[in-house]
$ cat target05.csv   # CSV, C-alpha atoms and all ligand atoms
chain,number,residue,atom,x,y,z
U,1,MET,CA,107.1,245.1,54.6
U,2,LYS,CA,106.6,241.5,55.8
U,3,LYS,CA,103.3,241.4,53.9
U,4,TYR,CA,105.0,242.1,50.6
U,5,LEU,CA,108.1,240.1,51.3
U,6,ARG,CA,106.7,236.8,50.2
U,7,LEU,CA,105.7,238.2,46.8
U,8,ILE,CA,109.0,240.0,46.4
U,9,LEU,CA,111.0,236.9,47.2
U,10,GLU,CA,109.1,234.7,44.9
U,11,ILE,CA,109.6,237.0,42.0
U,12,LEU,CA,113.3,237.4,42.7
U,13,LEU,CA,113.9,233.8,43.2
U,14,GLY,CA,112.0,232.9,40.0
U,15,ILE,CA,114.0,235.3,38.0
U,16,CYS,CA,117.2,234.0,39.5
U,17,LEU,CA,116.8,230.4,38.4
U,18,VAL,CA,115.3,231.2,35.1
U,19,ALA,CA,118.3,233.4,34.4
U,20,THR,CA,120.7,230.8,35.5
U,21,ALA,CA,119.0,228.1,33.5
U,22,THR,CA,118.7,230.3,30.4
U,23,LEU,CA,122.3,231.3,30.5
U,24,ALA,CA,123.6,227.8,31.1
U,25,TYR,CA,121.5,226.4,28.3
U,26,TRP,CA,122.7,229.2,26.0
U,27,ASN,CA,126.2,228.3,26.8
U,28,PHE,CA,125.6,224.7,26.4
U,29,SER,CA,124.0,225.0,23.0
U,30,SER,CA,126.4,227.6,21.6
U,31,LYS,CA,128.8,226.2,19.0
U,32,LYS,CA,131.3,228.9,19.7
U,33,HIS,CA,132.3,227.5,23.1
U,34,LEU,CA,135.0,224.9,23.7
U,35,ASN,CA,134.2,221.4,24.7
U,36,GLU,CA,136.0,222.1,28.0
U,37,GLN,CA,133.6,224.8,28.9
U,38,VAL,CA,130.7,222.7,27.9
U,39,SER,CA,131.7,219.9,30.2
U,40,GLU,CA,132.3,222.4,33.0
U,41,LEU,CA,128.7,223.5,32.6
U,42,SER,CA,127.1,220.1,32.1
U,43,GLN,CA,127.1,219.2,35.8
U,44,GLN,CA,125.5,222.5,36.7
U,45,ILE,CA,122.9,222.0,34.0
U,46,ASP,CA,122.1,218.5,35.2
U,47,GLU,CA,121.6,219.9,38.7
U,48,MET,CA,119.3,222.6,37.4
U,49,LYS,CA,117.3,220.2,35.3
U,50,GLU,CA,116.7,218.1,38.3
U,51,SER,CA,115.7,221.2,40.4
U,52,MET,CA,113.4,222.5,37.7
U,53,GLU,CA,111.8,219.1,37.1
U,54,LYS,CA,111.1,218.8,40.8
U,55,ALA,CA,109.8,222.3,40.9
U,56,SER,CA,107.5,221.9,38.0
U,57,GLU,CA,106.2,218.5,39.3
U,58,GLU,CA,105.3,220.1,42.6
U,59,ALA,CA,103.9,223.1,41.0
U,60,GLU,CA,101.6,220.9,38.8
U,61,ALA,CA,100.4,219.2,41.9
U,62,ALA,CA,99.7,222.6,43.5
U,63,LYS,CA,97.8,223.9,40.5
U,64,GLU,CA,98.5,227.5,41.4
U,65,VAL,CA,100.4,229.2,38.6
U,66,LYS,CA,100.1,233.0,38.5
U,67,PRO,CA,102.3,234.8,36.0
U,68,GLU,CA,103.8,238.0,37.5
U,69,PRO,CA,104.2,241.2,35.6
U,70,GLU,CA,107.9,241.5,34.9
U,71,ASN,CA,108.4,245.3,35.0
U,72,SER,CA,107.1,245.5,38.6
U,73,ALA,CA,109.8,242.9,39.5
U,74,ILE,CA,112.6,245.5,39.2
U,75,GLN,CA,110.9,247.8,41.7
U,76,GLU,CA,110.2,245.0,44.0
U,77,MET,CA,113.9,244.0,43.9
U,78,GLU,CA,114.8,247.3,45.5
U,79,ALA,CA,112.3,246.5,48.4
U,80,LEU,CA,113.8,243.0,48.6
U,81,LYS,CA,117.3,244.4,48.9
U,82,ALA,CA,116.1,246.6,51.8
U,83,ALA,CA,114.5,243.5,53.4
U,84,PHE,CA,117.8,241.6,53.2
U,85,ALA,CA,119.6,244.6,54.6
U,86,ASN,CA,117.2,244.6,57.5
U,87,GLY,CA,118.2,241.1,58.5
U,88,ILE,CA,116.0,238.7,56.4
U,89,VAL,CA,118.0,235.6,55.8
U,90,LEU,CA,117.7,232.7,53.4
U,91,GLN,CA,116.5,230.4,56.2
U,92,ASP,CA,113.5,232.7,56.7
U,93,VAL,CA,112.6,232.2,53.1
U,94,GLU,CA,112.6,228.4,53.4
U,95,THR,CA,110.6,228.6,56.6
U,96,LEU,CA,108.1,230.9,54.9
U,97,TYR,CA,107.7,228.5,52.0
U,98,LYS,CA,107.4,225.4,54.1
U,99,ALA,CA,104.4,227.0,55.9
U,100,GLN,CA,102.6,227.2,52.6
U,101,LYS,CA,100.2,224.4,51.6
U,102,ALA,CA,100.2,225.1,47.9
U,103,LEU,CA,103.2,226.6,46.2
U,104,SER,CA,103.2,228.5,43.0
U,105,ALA,CA,105.6,227.6,40.2
U,106,GLU,CA,107.6,230.8,41.0
U,107,ARG,CA,108.0,229.8,44.6
U,108,GLN,CA,109.1,226.3,43.7
U,109,VAL,CA,111.5,227.5,41.0
U,110,GLY,CA,112.8,230.2,43.4
U,111,LEU,CA,113.4,227.8,46.2
U,112,ALA,CA,115.3,225.5,43.8
U,113,SER,CA,117.3,228.5,42.7
U,114,LEU,CA,118.2,229.4,46.2
U,115,LYS,CA,119.4,225.9,47.0
U,116,LEU,CA,121.3,225.7,43.7
U,117,LEU,CA,123.1,229.0,44.3
U,118,THR,CA,123.6,228.6,48.0
U,119,LYS,CA,124.5,225.1,48.8
U,120,GLY,CA,125.1,225.2,52.5
U,121,ALA,CA,122.8,228.1,53.0
U,122,GLN,CA,123.2,227.6,56.8
U,123,ASP,CA,126.6,229.1,56.5
U,124,GLU,CA,126.9,232.8,57.5
U,125,GLY,CA,129.5,233.4,54.8
U,126,THR,CA,127.2,232.1,52.2
U,127,ILE,CA,124.3,234.2,53.4
U,128,ALA,CA,126.5,237.2,53.5
U,129,ALA,CA,127.7,236.4,50.0
U,130,TYR,CA,124.2,236.1,48.7
U,131,GLN,CA,123.2,239.4,50.3
U,132,LYS,CA,126.2,240.9,48.6
U,133,ALA,CA,125.2,239.4,45.3
U,134,LEU,CA,121.9,241.0,45.6
U,135,GLU,CA,123.5,244.4,46.3
U,136,MET,CA,125.8,244.0,43.4
U,137,ALA,CA,123.2,242.8,40.9
U,138,GLU,CA,122.0,244.9,38.0
U,139,TRP,CA,118.6,243.5,37.6
U,140,SER,CA,118.2,244.7,34.1
U,141,ASN,CA,121.1,242.4,33.1
U,142,ARG,CA,120.5,238.8,34.0
U,143,LEU,CA,124.0,237.7,33.1
U,144,GLN,CA,125.5,240.2,35.6
U,145,THR,CA,123.0,239.0,38.3
U,146,VAL,CA,124.0,235.4,37.9
U,147,CYS,CA,127.8,236.3,37.8
U,148,ALA,CA,127.4,238.4,40.9
U,149,ALA,CA,125.8,235.5,42.8
U,150,GLN,CA,128.3,233.0,41.6
U,151,ASN,CA,131.4,235.1,42.2
U,152,ALA,CA,130.2,236.2,45.6
U,153,LEU,CA,129.6,232.6,46.6
U,154,ALA,CA,133.0,231.5,45.3
U,155,ALA,CA,134.7,234.3,47.1
U,156,ALA,CA,133.0,233.2,50.3
U,157,GLY,CA,134.6,229.8,49.8
U,158,GLN,CA,131.6,228.0,48.5
U,159,LYS,CA,132.2,225.3,45.9
U,160,VAL,CA,130.1,226.8,43.1
U,161,LYS,CA,130.7,226.5,39.4
U,162,VAL,CA,131.5,229.9,38.0
U,163,LEU,CA,130.5,230.3,34.3
U,164,SER,CA,133.4,231.2,32.1
U,165,GLU,CA,131.5,234.3,31.1
U,166,CYS,CA,131.5,235.5,34.6
U,167,LYS,CA,135.3,234.9,35.0
U,168,LYS,CA,136.0,236.9,31.9
U,169,SER,CA,134.0,239.9,32.9
U,170,THR,CA,135.6,240.2,36.3
U,171,ASP,CA,139.2,239.0,35.7
U,172,LYS,CA,139.8,239.8,32.1
U,173,ASP,CA,142.8,242.0,32.8
U,174,ALA,CA,144.4,239.6,35.3
U,175,GLU,CA,144.1,236.7,32.9
U,176,SER,CA,145.8,238.4,30.0
U,177,LYS,CA,148.6,240.0,32.0
U,178,ASP,CA,149.7,237.3,34.3
U,179,ASP,CA,150.0,233.5,34.3
U,180,SER,CA,150.1,233.1,38.1
U,181,ALA,CA,147.0,235.2,38.5
U,182,LYS,CA,145.4,232.8,36.0
U,183,LYS,CA,146.2,229.8,38.2
U,184,ASP,CA,144.8,231.6,41.2
U,185,ASP,CA,141.6,232.4,39.4
U,186,LYS,CA,140.7,228.7,39.4
U,187,ALA,CA,140.6,228.8,43.2
U,188,HIS,CA,138.9,232.2,43.6
U,189,ALA,CA,136.6,233.5,40.9
U,190,VAL,CA,137.1,237.0,42.2
U,191,HIS,CA,140.6,237.1,43.3
U,192,TRP,CA,141.3,239.3,46.3
U,193,GLY,CA,144.2,239.5,48.7
U,194,TYR,CA,146.1,241.9,51.0
U,195,GLU,CA,148.8,243.3,48.7
U,196,GLY,CA,149.3,244.9,45.3
U,197,ASP,CA,146.5,244.9,42.6
U,198,ASN,CA,144.3,242.6,44.7
U,199,GLY,CA,144.8,244.5,47.9
U,200,PRO,CA,142.2,246.1,50.2
U,201,GLU,CA,142.2,249.4,48.3
U,202,HIS,CA,140.9,247.5,45.2
U,203,TRP,CA,138.3,245.3,46.9
U,204,GLY,CA,135.7,247.9,46.1
U,205,ASP,CA,136.0,247.3,42.4
U,206,ALA,CA,134.4,243.9,42.6
U,207,PHE,CA,132.7,244.3,45.9
U,208,PRO,CA,131.1,247.8,46.1
U,209,VAL,CA,130.3,247.7,49.8
U,210,CYS,CA,134.0,247.3,50.6
U,211,GLY,CA,134.6,250.7,48.8
U,212,LYS,CA,131.4,252.6,49.5
U,213,GLY,CA,130.2,251.2,52.8
U,214,LYS,CA,129.9,253.7,55.7
U,215,LYS,CA,130.1,251.2,58.5
U,216,GLN,CA,133.2,249.2,57.6
U,217,SER,CA,135.6,247.3,59.9
U,218,PRO,CA,138.2,247.3,61.3
U,219,LEU,CA,138.4,250.5,63.3
U,220,ASN,CA,141.0,252.3,65.3
U,221,ILE,CA,139.5,252.2,68.8
U,222,ILE,CA,140.1,255.5,70.4
U,223,GLY,CA,138.2,257.2,73.3
U,224,PRO,CA,136.4,258.9,74.9
U,225,PHE,CA,134.0,256.0,75.2
U,226,GLU,CA,130.4,256.0,76.4
U,227,LYS,CA,129.5,253.1,78.8
U,228,SER,CA,128.0,250.1,77.0
U,229,LYS,CA,124.7,248.7,78.3
U,230,GLU,CA,125.5,245.3,76.9
U,231,THR,CA,126.7,242.2,78.9
U,232,LEU,CA,128.7,239.4,77.3
U,233,SER,CA,128.5,235.9,78.5
U,234,VAL,CA,130.5,233.2,76.8
U,235,ASP,CA,129.7,229.4,77.0
U,236,TYR,CA,132.2,227.7,74.7
U,237,LYS,CA,132.5,223.9,74.7
U,238,GLU,CA,135.3,221.5,74.0
U,239,GLY,CA,134.9,219.6,70.7
U,240,PRO,CA,136.8,218.0,67.9
U,241,LEU,CA,139.4,220.3,66.3
U,242,LYS,CA,138.5,221.1,62.6
U,243,MET,CA,140.8,223.5,60.8
U,244,LEU,CA,140.9,225.1,57.4
U,245,ASN,CA,143.4,227.1,55.4
U,246,ASN,CA,141.0,229.0,53.1
U,247,GLY,CA,143.8,230.9,51.4
U,248,HIS,CA,143.2,234.0,53.4
U,249,THR,CA,143.6,232.8,56.9
U,250,ILE,CA,143.6,229.8,59.2
U,251,GLN,CA,140.1,229.1,60.4
U,252,VAL,CA,138.9,226.8,63.1
U,253,ASN,CA,135.3,225.5,62.5
U,254,VAL,CA,133.4,224.9,65.7
U,255,GLU,CA,130.8,222.2,66.3
U,256,PRO,CA,127.3,223.4,67.3
U,257,GLY,CA,126.9,223.9,71.1
U,258,SER,CA,129.2,226.8,71.9
U,259,SER,CA,127.4,230.1,72.4
U,260,LEU,CA,127.6,233.7,73.3
U,261,THR,CA,124.9,235.6,75.1
U,262,ILE,CA,124.6,239.4,74.6
U,263,GLY,CA,122.0,240.8,76.9
U,264,LYS,CA,119.2,238.3,76.4
U,265,GLU,CA,120.1,237.3,72.8
U,266,SER,CA,121.9,234.1,72.1
U,267,PHE,CA,124.5,233.6,69.3
U,268,ASP,CA,126.1,230.3,68.2
U,269,LEU,CA,129.9,230.3,67.7
U,270,LEU,CA,130.5,229.2,64.1
U,271,GLN,CA,134.2,229.6,63.7
U,272,PHE,CA,137.3,231.6,64.7
U,273,HIS,CA,140.2,232.7,62.6
U,274,PHE,CA,143.3,234.9,62.7
U,275,HIS,CA,144.7,238.0,61.2
U,276,ARG,CA,148.4,239.2,61.3
U,277,PRO,CA,148.8,241.9,62.5
U,278,SER,CA,145.6,242.7,64.4
U,279,GLU,CA,143.1,244.4,62.1
U,280,GLU,CA,141.8,246.6,64.9
U,281,GLN,CA,144.0,249.2,66.5
U,282,ILE,CA,143.7,250.4,70.1
U,283,ASP,CA,144.9,254.0,70.4
U,284,GLY,CA,146.4,253.7,66.9
U,285,LYS,CA,148.4,250.6,67.7
U,286,ASN,CA,148.1,247.2,66.2
U,287,ALA,CA,148.6,244.0,68.2
U,288,SER,CA,150.8,241.2,66.8
U,289,MET,CA,147.7,239.3,65.8
U,290,VAL,CA,143.9,239.1,66.4
U,291,ALA,CA,141.6,236.2,66.7
U,292,HIS,CA,138.0,236.8,65.5
U,293,PHE,CA,135.3,234.6,67.0
U,294,VAL,CA,132.3,234.7,64.6
U,295,HIS,CA,128.8,234.1,66.0
U,296,LYS,CA,125.4,234.1,64.5
U,297,SER,CA,121.9,234.4,66.1
U,298,LYS,CA,118.8,232.5,65.0
U,299,GLU,CA,117.7,235.7,63.2
U,300,GLY,CA,121.0,235.7,61.3
U,301,LYS,CA,122.6,238.6,63.1
U,302,LEU,CA,126.4,238.4,63.3
U,303,ALA,CA,128.5,239.2,66.3
U,304,VAL,CA,132.3,239.0,66.4
U,305,ILE,CA,134.5,238.8,69.5
U,306,GLY,CA,138.1,240.0,68.8
U,307,VAL,CA,140.9,238.8,71.0
U,308,MET,CA,144.2,240.7,70.6
U,309,LEU,CA,147.4,238.6,70.7
U,310,ASN,CA,150.6,240.3,71.7
U,311,GLU,CA,154.1,238.9,71.7
U,312,GLY,CA,154.9,237.4,75.1
U,313,LYS,CA,154.8,233.9,76.6
U,314,ASP,CA,154.0,230.6,74.7
U,315,SER,CA,150.3,230.1,74.4
U,316,ALA,CA,149.2,226.5,75.2
U,317,ALA,CA,146.1,227.0,73.0
U,318,ILE,CA,148.1,228.2,70.0
U,319,LYS,CA,150.5,225.3,70.5
U,320,THR,CA,147.7,222.8,70.0
U,321,LEU,CA,146.3,224.7,67.0
U,322,TRP,CA,149.7,225.3,65.3
U,323,ALA,CA,150.6,221.6,65.8
U,324,ASN,CA,147.6,220.8,63.6
U,325,LEU,CA,147.9,223.3,60.9
U,326,PRO,CA,146.2,222.1,57.7
U,327,PRO,CA,148.7,220.6,55.3
U,328,LYS,CA,147.2,222.3,52.3
U,329,GLU,CA,144.8,225.0,51.3
U,330,GLY,CA,141.1,224.4,50.7
U,331,GLU,CA,139.9,221.4,52.6
U,332,GLU,CA,138.8,221.1,56.2
U,333,PHE,CA,141.4,219.2,58.2
U,334,LEU,CA,140.3,217.0,61.1
U,335,PRO,CA,143.4,215.7,63.0
U,336,ALA,CA,142.5,212.4,64.7
U,337,LYS,CA,141.5,212.5,68.3
U,338,VAL,CA,142.4,216.2,68.9
U,339,THR,CA,139.9,218.2,70.8
U,340,PHE,CA,139.9,221.9,71.5
U,341,ASN,CA,138.0,224.4,73.7
U,342,PRO,CA,137.7,227.9,72.1
U,343,ALA,CA,137.4,229.3,75.6
U,344,SER,CA,141.1,228.5,76.1
U,345,MET,CA,141.8,231.4,73.7
U,346,LEU,CA,140.0,234.0,75.8
U,347,PRO,CA,141.5,236.3,78.4
U,348,LYS,CA,140.1,236.2,82.0
U,349,ASP,CA,138.7,239.7,81.8
U,350,MET,CA,135.9,240.1,79.3
U,351,GLY,CA,135.9,243.9,79.2
U,352,PHE,CA,135.3,245.1,75.7
U,353,TYR,CA,134.9,247.9,73.2
U,354,ASN,CA,131.8,247.6,71.1
U,355,TYR,CA,130.9,249.1,67.7
U,356,GLU,CA,128.9,248.2,64.6
U,357,GLY,CA,130.9,247.3,61.6
U,358,SER,CA,131.3,244.8,58.7
U,359,LEU,CA,132.9,241.6,57.6
U,360,THR,CA,136.6,242.6,57.2
U,361,THR,CA,136.9,240.5,54.0
U,362,PRO,CA,135.0,240.8,50.8
U,363,PRO,CA,132.0,241.1,50.4
U,364,CYS,CA,132.4,243.4,53.5
U,365,THR,CA,128.8,243.0,54.5
U,366,GLU,CA,127.7,245.5,57.1
U,367,GLY,CA,125.5,245.0,60.2
U,368,VAL,CA,128.1,243.1,62.3
U,369,GLN,CA,128.5,243.9,66.0
U,370,PHE,CA,132.1,243.8,67.1
U,371,TYR,CA,133.3,243.3,70.7
U,372,ILE,CA,137.0,243.8,70.9
U,373,LEU,CA,138.3,242.6,74.2
U,374,LYS,CA,140.4,245.1,76.1
U,375,SER,CA,142.7,242.4,77.5
U,376,PRO,CA,145.2,240.9,75.1
U,377,VAL,CA,146.5,237.3,75.4
U,378,ASP,CA,150.1,236.1,74.9
U,379,ILE,CA,151.6,234.4,71.9
U,380,SER,CA,155.4,233.7,71.7
U,381,LYS,CA,157.7,235.0,69.0
U,382,GLN,CA,158.2,231.5,67.7
U,383,GLN,CA,154.5,230.9,67.5
U,384,LEU,CA,154.0,234.2,65.6
U,385,ALA,CA,156.6,233.1,63.1
U,386,LYS,CA,154.8,229.8,62.5
U,387,PHE,CA,151.5,231.5,61.4
U,388,PRO,CA,151.5,230.8,57.6
U,389,PHE,CA,150.2,234.3,56.5
U,390,LYS,CA,152.7,237.2,56.7
U,391,LEU,CA,150.0,239.8,56.2
U,392,ASN,CA,146.3,239.2,56.2
U,393,ALA,CA,144.8,242.3,57.9
U,394,ARG,CA,142.6,245.0,56.3
U,395,PRO,CA,143.7,248.5,57.3
U,396,VAL,CA,141.5,250.5,59.6
U,397,GLN,CA,138.4,252.2,58.1
U,398,SER,CA,136.7,255.5,58.6
U,399,LEU,CA,134.6,255.9,61.7
U,400,ASN,CA,131.9,257.9,59.9
U,401,GLY,CA,130.3,259.2,63.1
U,402,ARG,CA,129.9,255.7,64.7
U,403,LYS,CA,130.0,255.5,68.4
U,404,ILE,CA,132.4,253.1,70.2
U,405,THR,CA,131.2,252.1,73.6
U,406,ALA,CA,133.2,250.4,76.4
U,407,GLY,CA,131.7,247.7,78.7
U,408,GLY,CA,132.2,244.5,80.7
P,501,ZN,ZN,138.4,238.3,60.8
$ encode --input "target05.csv" --output "structure tokens" --more "lines below"
Ligand SMILES: [Zn+2]
Amino acid sequence: MKKYLRLILEILLGICLVATATLAYWNFSSKKHLNEQVSELSQQIDEMKESMEKASEEAEAAKEVKPEPENSAIQEMEALKAAFANGIVLQDVETLYKAQKALSAERQVGLASLKLLTKGAQDEGTIAAYQKALEMAEWSNRLQTVCAAQNALAAAGQKVKVLSECKKSTDKDAESKDDSAKKDDKAHAVHWGYEGDNGPEHWGDAFPVCGKGKKQSPLNIIGPFEKSKETLSVDYKEGPLKMLNNGHTIQVNVEPGSSLTIGKESFDLLQFHFHRPSEEQIDGKNASMVAHFVHKSKEGKLAVIGVMLNEGKDSAAIKTLWANLPPKEGEEFLPAKVTFNPASMLPKDMGFYNYEGSLTTPPCTEGVQFYILKSPVDISKQQLAKFPFKLNARPVQSLNGRKITAGG
């Protein structure tokens, strides 16, 4: 698999940028489109020109241009999807390319494409979104491929320009029906939420894994349990408090340096965020809320620790967080001189339930290990009332034969 991966990647990436550039140019040159749409595209085109110029310059220097037969590309895409599903991440691609002395035009163009489409490719959400885009893409239709990538990245909170064609194809109905939905579309190219037409039962329309996946989260955690062989060891550090209201939850972004060790494998804590009520159930019961601590290993594996919050005493940790809630949606908020240690959110006892699941928000990417702590922590009624989302929990999903183990 590894042997062919390089070839596969370069073909995919090449096609991706060529498709994006072709589409953008087509849009740009078409007289039918409004000036507004043209100006929306112009920045993107400039960026692409720059990327492509750079790519062609470097390729010229490398003098290694091998045209690839296009019809084999579609077959290879399938293999690529499998490779991504097996844990290949975008960082691997860059590392792979950097190791090469002479790069073909395809590789250069492909790399530029990756960077273009996935600004901030270090971010787990972006990587998940790109994987999702690959799963969603119809390779025979380049417009769809580009739209899938752009919409998935936008849904993951990345600041990407979404072509108006892509918006129309996904949100046609919402736009014609409803003015308020139209406004929301500016913020989220693919609009999803927790109620009504955008609710979890409809996520599968735009994000097939949410609807068809067989290892989805959250779960109702119910015994009997086999004993887990894993051990969890948490080493979270105090750091500057950085909060974000992303329109779906309150998220606390964590500086590098806090980690989780599972067995011998190390994971970095990226962020934690909240759901009300808890997404997971224990014996069929939701807690008042849950905090999800999202970690990623160097290989790109994701592990989530879930801490249940039940109504009880005031939480000192929540007090600090809620005192610094972001004033508005969208931007990261850095209150001056406030520090926070994520460890202050954890219970003393780290006993857990473990299962393999997915992101609980679109694109619902699978392959995420969940460790839901058995011991809840307290949050007061007043603190619960202050959380700005009334309902932001996905309902429990089918177990589909998965094993839940208990450990710690
Ligand atoms: Zn979550």
$ closest_atom_pairs --input "target05.csv" --of "chain U" --to "ligand ZN 501 (chain P)" --cutoff "10 Å" --atoms "all atoms listed in the file" --output "tab-separated table"
residue	atom	partner	partner_atom	distance
U:Ser217	CA	P:ZN501	ZN	9.5
U:Pro218	CA	P:ZN501	ZN	9.0
U:His248	CA	P:ZN501	ZN	9.8
U:Thr249	CA	P:ZN501	ZN	8.5
U:Gln251	CA	P:ZN501	ZN	9.4
U:Phe272	CA	P:ZN501	ZN	7.8
U:His273	CA	P:ZN501	ZN	6.2
U:Phe274	CA	P:ZN501	ZN	6.3
U:His275	CA	P:ZN501	ZN	6.3
U:Ser278	CA	P:ZN501	ZN	9.2
U:Glu279	CA	P:ZN501	ZN	7.8
U:Glu280	CA	P:ZN501	ZN	9.9
U:Val290	CA	P:ZN501	ZN	7.9
U:Ala291	CA	P:ZN501	ZN	7.0
U:His292	CA	P:ZN501	ZN	4.9
U:Phe293	CA	P:ZN501	ZN	7.9
U:Val294	CA	P:ZN501	ZN	8.0
U:Val304	CA	P:ZN501	ZN	8.3
U:Ile305	CA	P:ZN501	ZN	9.5
U:Gly306	CA	P:ZN501	ZN	8.2
U:Ser358	CA	P:ZN501	ZN	9.9
U:Leu359	CA	P:ZN501	ZN	7.2
U:Thr360	CA	P:ZN501	ZN	5.9
U:Thr361	CA	P:ZN501	ZN	7.3
U:Asn392	CA	P:ZN501	ZN	9.2
U:Ala393	CA	P:ZN501	ZN	8.1
U:Arg394	CA	P:ZN501	ZN	9.1
$ residues_around --input "target05.csv" --residues "Gly211 (chain U)" --least-positions-apart "6" --cutoff "8 Å" --atoms "all atoms listed in the file" --output "PyMOL selection string"
chain U and resi 201-205
$ atom_distance --input "target05.csv" --atom1 "CA of Asn324 (chain U)" --atom2 "CA of Val190 (chain U)"
28.8 Å
$ atom_distance --input "target05.csv" --atom1 "CA of Gly300 (chain U)" --atom2 "CA of Thr365 (chain U)"
12.7 Å
$ residues_around --input "target05.csv" --residues "Asp378 (chain U)" --least-positions-apart "5" --cutoff "8 Å" --atoms "all atoms listed in the file" --output "ChimeraX atom specification"
/U:309-315
$ closest_residue --input "target05.csv" --among "U:Pro326, U:Pro388, U:Gly407, U:Pro395" --to "Tyr353 (chain U)" --atoms "all atoms listed in the file"
U:Gly407
$ closest_residue --input "target05.csv" --among "U:Ser398, U:Thr405, U:Ser344, U:Thr320" --to "Lys374 (chain U)" --atoms "only C-alpha atoms"
U:Thr405
$ residues_around --input "target05.csv" --residues "region 242-247 of chain U" --least-positions-apart "5" --cutoff "8 Å" --atoms "only C-alpha atoms" --output "PyMOL selection string"
chain U and resi 157+252-254+324-326+328-335
$ atom_distance --input "target05.csv" --atom1 "CA of Met350 (chain U)" --atom2 "CA of Ser233 (chain U)"
8.5 Å
$ closest_residue --input "target05.csv" --among "U:Gly257, U:Gly196, U:Phe352, U:Gln383" --to "Phe370 (chain U)" --atoms "all atoms listed in the file"
U:Phe352
$ closest_residue --input "target05.csv" --among "U:Ala317, U:Leu399, U:Val209, U:Leu163" --to "Pro362 (chain U)" --atoms "only C-alpha atoms"
U:Val209
$ closest_residue --input "target05.csv" --among "U:Gly357, U:Pro347, U:Pro376, U:Pro363" --to "Phe207 (chain U)" --atoms "all atoms listed in the file"
U:Pro363
$ closest_residue --input "target05.csv" --among "U:Glu366, U:Lys403, U:Leu373, U:Lys386" --to "Gln216 (chain U)" --atoms "only C-alpha atoms"
U:Glu366
$ residues_around --input "target05.csv" --residues "Glu230 (chain U)" --least-positions-apart "3" --cutoff "8 Å" --atoms "only C-alpha atoms" --output "PyMOL selection string"
chain U and resi 262-263+407-408
$ residues_near_point --input "target05.csv" --point "(129.9, 253.5, 58.3)" --cutoff "7 Å" --atoms "all atoms listed in the file" --output "list in words"
Gly213, Lys214, Lys215, Gln216, Leu399, Asn400 and Arg402 of chain U
